[in-house]
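Heads up: the structure comes next, in structure tokens.
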Amino acid sequence: MTPCYSPARSFRLTEKCKFFEDKRVVYRLLGDAVIILHFLWILFILFGLFIGIKYGRVIWVHLGGLVFTLILNIGGWFCPLTYLENHLYSLYNPQLAYAGSFIGQYLQKLIYLDLDEAYLRIAAVIWVAINLGGYVLLFKKRKSVYR
């Protein structure tokens, strides 16, 4: 059995690698990776304040993510990761009943809740406001400690 790489070709895939024979499977794998990343990003947006309290430098990344979330929801736009997922899954197989794989199917149910879009956007803006309020309290507390 020939390995999937060839030292003579700088570790490029060879023609005999069965797994990647159909290059479309790469799009499915990339789509799954993006949906996992998307899910982790949502968890970070939801719980980043708590992580930021423990690890101070994370606060700035989380604040940037909150501002980005606020801009997307006020503007009525979708997350760029949503577009990337859809694009990768459509390159894999646009005829699928659901987008791609077991991982994709079940994570999509968690990420894309079956609720009216307006409610989701309002909830996201409220969540951002709660987090920003938490940061205001945190910064006030830290400022009073250093006085």
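Just remember, in the structure tokens the first chain shown is A, the second B, etc., residues are 1-based per chain, and ligands are 1-based in the order shown.
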Neighbour list for A:Leu132 as a short mmCIF file (atom, residue, chain, number, x, y, z; two decimals) with C-alpha atoms, in the first residue's frame, cut-off 12 Å, only C-alpha atoms, skip fewer than 2 positions in-chain:
data_model
loop_
_atom_site.label_atom_id
_atom_site.label_comp_id
_atom_site.auth_asym_id
_atom_site.auth_seq_id
_atom_site.Cartn_x
_atom_site.Cartn_y
_atom_site.Cartn_z
CA ILE A 45 -18.60 34.72 23.34
CA LEU A 46 -21.00 33.23 25.90
CA GLY A 48 -15.45 34.66 27.76
CA LEU A 49 -16.12 37.04 30.63
CA ILE A 59 -10.47 40.17 28.08
CA TRP A 60 -9.35 42.16 25.04
CA HIS A 62 -13.45 38.77 24.21
CA LEU A 63 -14.29 42.48 24.11
CA GLY A 64 -13.37 42.53 20.41
CA GLY A 65 -15.61 39.52 19.84
CA LEU A 66 -18.47 41.21 21.68
CA VAL A 67 -18.13 44.36 19.60
CA LEU A 70 -22.90 43.63 18.30
CA VAL A 125 -27.53 42.26 21.80
CA ILE A 126 -28.81 41.74 25.37
CA TRP A 127 -26.05 39.21 26.03
CA VAL A 128 -23.42 41.66 24.75
CA ALA A 129 -24.88 44.37 27.01
CA ILE A 130 -24.74 42.04 30.03
CA GLY A 134 -19.76 42.81 33.66
CA TYR A 135 -16.59 44.30 32.24
CA VAL A 136 -17.49 47.76 33.56
CA LEU A 137 -17.87 46.28 37.05
CA LEU A 138 -14.65 44.30 36.65
CA PHE A 139 -12.66 47.36 35.54
#
- Message: What's the separation between atom CA of A:Val25 and atom CA of A:Leu43, in Å to one decimal place?
- Response: 27.3 Å
- Message: As an exercise, work out the distance from atom CA of A:Phe39 to atom CA of A:Ile111 in Å and give it to one decimal place.
- Response: 6.5 Å
- Task: Write out as an MDAnalysis selection string which residues come within 10 Å of stretch 72-74 of chain A when counting only C-alpha atoms, dropping same-chain ones fewer than 5 positions away.
- Result: chainID A and resid 66:67 79:80 117:118 120:125
- Can you work out the spacing between atom CA of A:Thr69 and atom CA of A:Thr82 in Å, to one decimal?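 For atom CA of A:Thr69 relative to atom CA of A:Thr82, the distance reads 13.2 Å.
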- Distance query stretch 27-29 of chain A at most 7 Å, only C-alpha atoms, self and fewer than 3 positions along chain excluded, as a PyMOL selection string: chain A and resi 24+32-33+88-89+91-92+100
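The shortest atom-to-atom distance to A:Leu30, with only C-alpha atoms taken into account, belongs to A:Asn86 out of A:Gly133, A:Gly56, A:Asn86, A:Ile42.
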